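Shown next: query.tsv, given as TSV, C-alpha atoms.
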```tsv
chain	number	residue	atom	x	y	z
A	1475	MET	CA	0.00	0.00	0.00
A	1476	ILE	CA	1.08	3.57	-0.65
A	1477	SER	CA	0.74	4.37	3.07
A	1478	ASP	CA	3.61	1.96	3.72
A	1479	TYR	CA	5.86	4.45	1.91
A	1480	LEU	CA	4.25	7.78	2.77
A	1481	SER	CA	3.93	7.20	6.51
A	1482	PRO	CA	7.67	6.59	7.19
A	1483	LEU	CA	8.53	9.43	4.80
A	1484	TRP	CA	6.23	11.89	6.59
A	1485	ILE	CA	7.45	10.84	10.05
A	1486	SER	CA	11.07	11.13	8.93
A	1487	LEU	CA	10.58	14.55	7.31
A	1488	LYS	CA	8.85	16.16	10.27
A	1489	THR	CA	11.39	14.58	12.63
A	1490	VAL	CA	14.34	15.78	10.55
A	1491	LEU	CA	13.00	19.30	10.12
A	1492	LEU	CA	12.36	19.79	13.83
A	1493	THR	CA	15.67	18.15	14.69
A	1494	THR	CA	17.52	20.48	12.32
A	1495	VAL	CA	15.94	23.54	13.94
A	1496	ILE	CA	16.85	22.29	17.43
A	1497	THR	CA	20.44	21.42	16.54
A	1498	PHE	CA	20.81	24.71	14.65
A	1499	ILE	CA	19.90	26.76	17.73
A	1500	LEU	CA	21.69	24.63	20.31
A	1501	GLY	CA	24.72	24.09	18.06
A	1502	ILE	CA	25.23	27.81	17.47
A	1503	ALA	CA	24.76	28.59	21.18
A	1504	ALA	CA	27.20	25.89	22.30
A	1505	ALA	CA	29.74	26.69	19.58
A	1506	ARG	CA	29.65	30.40	20.36
A	1507	TRP	CA	30.21	29.75	24.04
A	1508	MET	CA	32.97	27.19	23.56
A	1509	SER	CA	34.81	29.30	20.98
A	1510	ARG	CA	35.23	31.99	23.64
A	1511	TYR	CA	35.47	29.82	26.77
A	1512	THR	CA	39.01	29.33	28.10
A	1513	GLY	CA	38.38	27.59	31.43
A	1514	LYS	CA	40.07	24.42	32.64
A	1515	LEU	CA	36.95	22.35	31.99
A	1516	LYS	CA	36.92	23.14	28.27
A	1517	PRO	CA	38.34	19.75	27.13
A	1518	PHE	CA	35.80	17.86	29.24
A	1519	ILE	CA	32.83	19.95	28.09
A	1520	ASP	CA	33.98	19.71	24.50
A	1521	GLY	CA	34.33	15.94	24.85
A	1522	ALA	CA	30.82	15.66	26.31
A	1523	PHE	CA	29.37	17.56	23.34
A	1524	ILE	CA	31.15	15.33	20.83
A	1525	LEU	CA	30.65	12.03	22.68
A	1526	PRO	CA	27.51	10.87	20.78
A	1527	LEU	CA	29.53	11.06	17.56
A	1528	VAL	CA	31.96	8.34	18.62
A	1529	LEU	CA	29.64	6.12	20.66
A	1530	PRO	CA	27.59	3.36	19.03
A	1531	PRO	CA	24.04	4.65	18.41
A	1532	THR	CA	22.59	1.79	20.44
A	1533	VAL	CA	24.68	2.87	23.43
A	1534	VAL	CA	23.40	6.43	23.09
A	1535	GLY	CA	19.85	5.13	22.74
A	1536	PHE	CA	20.21	2.95	25.82
A	1537	GLY	CA	21.57	5.91	27.79
A	1538	LEU	CA	18.60	8.01	26.71
A	1539	LEU	CA	16.30	5.16	27.66
A	1540	LEU	CA	17.78	5.07	31.17
A	1541	LEU	CA	17.49	8.84	31.42
A	1542	LEU	CA	14.00	9.27	29.97
A	1543	GLY	CA	12.41	5.97	31.02
A	1544	LYS	CA	9.82	5.64	33.77
A	1545	HIS	CA	12.50	5.27	36.42
A	1546	GLY	CA	14.99	7.71	34.89
A	1547	TRP	CA	16.10	11.04	36.28
A	1548	ILE	CA	13.96	12.93	33.77
A	1549	GLY	CA	11.40	10.29	32.87
A	1550	HIS	CA	10.24	9.63	36.44
A	1551	PRO	CA	9.23	13.24	37.23
A	1552	LEU	CA	7.49	13.44	33.85
A	1553	SER	CA	5.60	10.22	34.51
A	1554	LEU	CA	4.21	11.72	37.72
A	1555	ILE	CA	2.43	14.37	35.66
A	1556	GLY	CA	1.26	11.86	33.07
A	1557	THR	CA	3.86	12.55	30.40
A	1558	THR	CA	5.75	9.74	28.70
A	1559	ILE	CA	8.55	10.29	26.19
A	1560	VAL	CA	9.68	6.74	25.50
A	1561	PHE	CA	8.00	5.11	22.47
A	1562	SER	CA	6.49	8.38	21.29
A	1563	TRP	CA	7.18	10.72	18.36
A	1564	PRO	CA	9.12	13.21	20.54
A	1565	ALA	CA	11.49	10.32	21.30
A	1566	THR	CA	12.42	10.16	17.61
A	1567	VAL	CA	13.23	13.87	17.67
A	1568	ILE	CA	15.30	13.61	20.86
A	1569	SER	CA	17.34	10.65	19.66
A	1570	ALA	CA	17.97	12.21	16.25
A	1571	ALA	CA	18.90	15.56	17.81
A	1572	VAL	CA	21.39	13.97	20.22
A	1573	MET	CA	23.09	12.08	17.39
A	1574	ALA	CA	23.15	15.06	14.99
A	1575	PHE	CA	24.19	17.73	17.50
A	1576	PRO	CA	27.96	16.94	17.48
A	1577	LEU	CA	28.22	17.56	13.72
A	1578	MET	CA	26.49	20.94	14.00
A	1579	TYR	CA	28.53	21.87	17.05
A	1580	MET	CA	31.95	20.89	15.68
A	1581	THR	CA	31.46	22.51	12.28
A	1582	THR	CA	30.04	25.73	13.69
A	1583	ARG	CA	32.69	26.00	16.41
A	1584	GLY	CA	35.41	25.66	13.80
A	1585	ALA	CA	33.78	28.40	11.72
A	1586	PHE	CA	33.46	30.73	14.72
A	1587	GLU	CA	37.12	30.21	15.65
A	1588	GLN	CA	38.14	31.40	12.19
A	1589	VAL	CA	36.33	34.72	12.58
A	1590	ASP	CA	38.65	37.68	13.12
A	1591	THR	CA	38.03	38.87	16.68
A	1592	ASN	CA	39.27	42.35	15.74
A	1593	VAL	CA	36.18	42.83	13.58
A	1594	GLU	CA	33.93	41.79	16.47
A	1595	ASP	CA	35.78	44.14	18.83
A	1596	ALA	CA	35.35	46.97	16.33
A	1597	ALA	CA	31.59	46.42	16.34
A	1598	ARG	CA	31.56	46.46	20.14
A	1599	THR	CA	33.43	49.77	20.25
A	1600	LEU	CA	30.71	51.19	17.99
A	1601	GLY	CA	28.07	50.26	20.57
A	1602	ALA	CA	26.88	46.89	19.32
A	1603	SER	CA	25.58	44.45	21.92
A	1604	GLU	CA	26.76	40.84	22.02
A	1605	TRP	CA	23.59	39.70	20.27
A	1606	ARG	CA	24.13	42.37	17.59
A	1607	VAL	CA	27.72	41.28	17.13
A	1608	LEU	CA	26.62	37.66	16.77
A	1609	TYR	CA	23.98	38.10	14.06
A	1610	SER	CA	25.49	41.12	12.28
A	1611	VAL	CA	29.18	40.22	12.27
A	1612	THR	CA	30.00	36.71	13.49
A	1613	LEU	CA	27.26	34.73	11.75
A	1614	PRO	CA	27.70	36.38	8.32
A	1615	MET	CA	31.45	35.75	8.41
A	1616	ALA	CA	31.03	32.16	9.64
A	1617	TRP	CA	27.92	31.40	7.59
A	1618	PRO	CA	29.44	28.85	5.16
A	1619	GLY	CA	30.56	26.72	8.11
A	1620	VAL	CA	27.25	27.16	9.91
A	1621	ALA	CA	25.31	26.18	6.79
A	1622	ALA	CA	27.57	23.16	6.28
A	1623	GLY	CA	26.94	22.05	9.85
A	1624	THR	CA	23.20	22.46	9.33
A	1625	ILE	CA	23.23	20.28	6.23
A	1626	LEU	CA	25.37	17.62	7.91
A	1627	SER	CA	23.09	17.50	10.95
A	1628	PHE	CA	20.07	17.28	8.63
A	1629	ALA	CA	21.59	14.32	6.78
A	1630	ARG	CA	22.69	12.64	10.00
A	1631	SER	CA	19.27	12.89	11.60
A	1632	LEU	CA	17.68	11.52	8.43
A	1633	GLY	CA	19.77	8.36	8.66
A	1634	GLU	CA	19.47	7.86	12.42
A	1635	PHE	CA	18.49	4.30	13.30
A	1636	GLY	CA	20.05	2.75	16.41
A	1637	ALA	CA	19.20	5.37	19.03
A	1638	THR	CA	15.75	5.88	17.52
A	1639	LEU	CA	14.94	2.18	17.65
A	1640	MET	CA	16.06	1.97	21.30
A	1641	LEU	CA	14.17	5.01	22.51
A	1642	ALA	CA	11.17	5.32	20.17
A	1643	GLY	CA	10.74	1.75	18.97
A	1644	ASN	CA	8.81	0.76	15.86
A	1645	ILE	CA	5.20	1.94	16.11
A	1646	PRO	CA	3.68	2.23	12.60
A	1647	GLY	CA	2.31	5.67	11.87
A	1648	LYS	CA	3.93	7.09	14.99
A	1649	THR	CA	7.66	6.38	15.37
A	1650	THR	CA	8.53	4.35	12.27
A	1651	THR	CA	11.07	6.47	10.41
A	1652	ILE	CA	12.51	5.47	7.03
A	1653	PRO	CA	15.62	3.68	8.42
A	1654	VAL	CA	13.48	1.74	10.91
A	1655	ALA	CA	10.96	0.90	8.18
A	1656	ILE	CA	13.75	-0.39	5.93
A	1657	TYR	CA	15.11	-2.63	8.68
A	1658	PHE	CA	11.76	-4.21	9.48
A	1659	ALA	CA	10.82	-4.49	5.79
A	1660	ILE	CA	13.96	-6.56	5.24
A	1661	GLN	CA	13.17	-8.63	8.31
A	1662	ALA	CA	9.70	-9.32	6.89
A	1663	GLY	CA	11.08	-10.15	3.45
A	1664	ASP	CA	9.40	-7.15	1.77
A	1665	MET	CA	12.34	-6.22	-0.46
A	1666	LYS	CA	10.19	-4.01	-2.69
A	1667	GLN	CA	9.31	-1.65	0.13
A	1668	ALA	CA	12.91	-1.66	1.38
A	1669	VAL	CA	14.24	-0.73	-2.08
A	1670	TYR	CA	11.74	2.09	-2.55
A	1671	LEU	CA	12.48	3.56	0.86
A	1672	MET	CA	16.22	3.20	0.24
A	1673	ALA	CA	15.83	5.13	-3.03
A	1674	ILE	CA	14.05	7.94	-1.18
A	1675	VAL	CA	16.83	8.19	1.40
A	1676	LEU	CA	19.51	8.12	-1.31
A	1677	CYS	CA	17.84	10.98	-3.19
A	1678	ILE	CA	17.50	13.18	-0.11
A	1679	ALA	CA	21.06	12.41	1.01
A	1680	PHE	CA	22.45	13.11	-2.46
A	1681	VAL	CA	20.73	16.50	-2.62
A	1682	SER	CA	22.07	17.33	0.86
A	1683	LEU	CA	25.64	16.43	-0.11
A	1684	ALA	CA	25.34	18.37	-3.35
A	1685	ALA	CA	24.26	21.43	-1.36
A	1686	LEU	CA	27.22	20.91	0.96
A	1687	ALA	CA	29.61	20.78	-2.01
A	1688	TYR	CA	28.07	23.96	-3.41
A	1689	LEU	CA	28.87	25.78	-0.18
A	1690	LYS	CA	32.57	25.49	-0.92
A	1691	LYS	CA	32.30	28.27	-3.50
A	1692	PRO	CA	30.72	30.82	-1.14
A	1693	LYS	CA	33.30	29.81	1.46
A	1694	ALA	CA	36.12	30.63	-0.93
A	1695	ARG	CA	34.55	33.99	-1.71
A	1696	MET	CA	34.12	34.65	1.99
A	1697	ARG	CA	37.89	34.50	2.48
A	1698	SER	CA	38.38	37.25	-0.10
A	1699	LEU	CA	35.97	39.68	1.59
A	1700	PRO	CA	37.48	42.86	3.04
A	1701	VAL	CA	38.10	43.00	6.76
A	1702	ASN	CA	35.73	45.94	7.21
A	1703	LEU	CA	32.52	44.01	7.88
A	1704	VAL	CA	31.15	46.26	10.61
A	1705	PRO	CA	27.46	46.96	9.88
A	1706	ASN	CA	26.96	50.25	8.03
A	1707	ASP	CA	24.14	51.35	10.32
A	1708	LEU	CA	26.54	51.20	13.28
A	1709	LEU	CA	29.03	53.37	11.42
A	1710	TYR	CA	26.24	55.78	10.45
A	1711	THR	CA	24.95	55.99	14.02
A	1712	THR	CA	28.43	56.61	15.42
A	1713	GLY	CA	29.21	59.27	12.82
A	1714	LYS	CA	25.93	61.00	13.58
A	1715	LYS	CA	26.80	61.10	17.29
A	1716	ASP	CA	30.22	62.57	16.55
A	1717	LYS	CA	28.74	65.37	14.43
A	1718	THR	CA	26.20	66.15	17.13
A	1719	ALA	CA	28.97	66.38	19.72
```
For this file, produce the structure as structure tokens.
Amino acid sequence: MISDYLSPLWISLKTVLLTTVITFILGIAAARWMSRYTGKLKPFIDGAFILPLVLPPTVVGFGLLLLLGKHGWIGHPLSLIGTTIVFSWPATVISAAVMAFPLMYMTTRGAFEQVDTNVEDAARTLGASEWRVLYSVTLPMAWPGVAAGTILSFARSLGEFGATLMLAGNIPGKTTTIPVAIYFAIQAGDMKQAVYLMAIVLCIAFVSLAALAYLKKPKARMRSLPVNLVPNDLLYTTGKKDKTA
């Protein structure tokens, strides 16, 4: 039936889109903080952020299950108010976000560390707040790396299987993403469905990688930009103040 193909596709797409938004926000926040943080705990915090990248997905999923299960540190208080995360659609988002976050974080942190701090300091001297510096100076200069991290996290969350199966399970129409559907289709001997779903994943992944390759050209042009990237409105405001004085 056509629903056998559309249901996993729809669940995967809405999971991936929400996961990408979450990792985009959290990845930028964590990368911004770590690119400026110089404390003694930096290696340990950095390692904790990257840890899901090197652990087997089933280990990450089992850890999330212990944390979010009925007797877990987070799951138990939630169960007291009638909320259950395990074997629900939010579980697919959480597992995919945890697995995709390290890619967004590492790529964005590397891009932030390449930004010339003198340009950021110049914006601050002109009266820009830290938020203004971030979205007017830092993000535009680091955008190719940020966009690359977003695409990588999107592709990683699309292919997430192990952690999702551990935490969300396989509930048709609810938590069955494309990778999970492919696995159980093969187990059931339905090779036709597995091949169709595999083709869908290959197409989406190919488009994502093509977009990532395209970003190399803007990145090269970004290196040739002049150093004076302070927003014009800040320069205008400062010049206006000087004339008034």
Rounded to one decimal place, report the CA of Pro1564 (chain A)-CA of Leu1492 (chain A) distance in Å.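 For CA of Pro1564 (chain A) relative to CA of Leu1492 (chain A), the distance reads 9.9 Å.
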Once you add 8 Å to each side, what are the centre and edge lengths of the axis-aligned box holding all listed atoms of region 1578-1591 of chain A? One decimal in Å, as AutoDock Vina command-line options, if you can.
```
--center_x 32.6 --center_y 29.9 --center_z 14.4 --size_x 28.2 --size_y 34.0 --size_z 21.3
```
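Distance annotation: of A:Ile1548, A:Ile1555, A:Val1490, A:Ala1504, the residue with the minimal separation from Ile1524 (chain A) is A:Ala1504; atom set is all atoms listed in the file.
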Between CA of Phe1628 (chain A) and CA of Leu1608 (chain A) - distance in Å to one decimal: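 Distance reported for this atom pair: 22.9 Å.
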Show me as a list in words the residues that reach within 10 Å of (35.4, 27.1, 13.2), counting all atoms listed in the file and using the file's own coordinates.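 Every residue inside that radius is included here: Ala1505, Arg1506, Ser1509, Tyr1579, Met1580, Thr1581, Thr1582, Arg1583, Gly1584, Ala1585, Phe1586, Glu1587, Gln1588, Val1589, Ala1616, Gly1619 and Val1620 of chain A.
If all atoms listed in the file are the atoms counted, then among A:Phe1518, A:Phe1523, A:Tyr1670, A:Trp1507 the closest residue to Met1573 (chain A) is A:Phe1523.
Residue neighbourhood of Thr1494 (chain A), excluding near-sequence residues (fewer than 5 positions): Thr1489, Ile1499, Ala1571, Ala1574, Phe1575, Thr1624, Ile1625, Ser1627, Phe1628 and Ser1631 of chain A, at 9 Å, using only C-alpha atoms.
Between CA of Ala1570 (chain A) and CA of Glu1634 (chain A) there is a distance of 6.0 Å.
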Go ahead and find all residues with at least one atom no further than 9 Å from (31.9, 38.0, 21.3) in the file's coordinates, using only C-alpha atoms; report them as a list of chain:residue names.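 The answer, in the requested form, is A:Arg1506, A:Trp1507, A:Arg1510, A:Thr1591, A:Glu1594, A:Asp1595, A:Arg1598, A:Glu1604, A:Trp1605, A:Val1607, A:Leu1608, A:Thr1612.
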Kindly indicate which residue among A:Ala1662, A:Leu1641, A:Val1528, A:Ile1652 lies nearest to Phe1561 (chain A), using all atoms listed in the file for the distances.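 Of A:Ala1662, A:Leu1641, A:Val1528, A:Ile1652, the one nearest Phe1561 (chain A), counting all atoms listed in the file, is A:Leu1641.
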Excluding region 1478-1485 of chain A and residues on its chain fewer than 6 positions from it, collect all residues at most 7 Å away from it, counting only C-alpha atoms, and give them as a ChimeraX atom specification. /A:1647,1649-1652,1655,1671
Keeping C-alpha atoms, export the residues of the selection given above as a PDB file, keeping the file's coordinate frame.
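Written output follows (result_9.pdb):
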```pdb
ATOM      1  CA  GLY A1647       2.310   5.670  11.870  1.00  0.00           C
ATOM      2  CA  THR A1649       7.660   6.380  15.370  1.00  0.00           C
ATOM      3  CA  THR A1650       8.530   4.350  12.270  1.00  0.00           C
ATOM      4  CA  THR A1651      11.070   6.470  10.410  1.00  0.00           C
ATOM      5  CA  ILE A1652      12.510   5.470   7.030  1.00  0.00           C
ATOM      6  CA  ALA A1655      10.960   0.900   8.180  1.00  0.00           C
ATOM      7  CA  LEU A1671      12.480   3.560   0.860  1.00  0.00           C
TER       8      LEU A1671
END
```
So, counting only C-alpha atoms, which residue among A:Leu1539, A:Ile1678, A:Leu1689, A:Val1572 is closest to Val1560 (chain A)? A:Leu1539
With all atoms listed in the file as the atoms that count, which of A:Phe1680, A:Tyr1657, A:Trp1617, A:Tyr1609 lies nearest to Ala1629 (chain A)?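 Between A:Phe1680, A:Tyr1657, A:Trp1617, A:Tyr1609, the residue approaching Ala1629 (chain A) most closely is A:Phe1680.
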Go through A:Pro1576, A:Met1640, A:Leu1676, A:Ser1603 and flag the residue nearest Leu1540 (chain A), using all atoms listed in the file for the distances.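 Comparing A:Pro1576, A:Met1640, A:Leu1676, A:Ser1603 against Leu1540 (chain A), the winner is A:Met1640.
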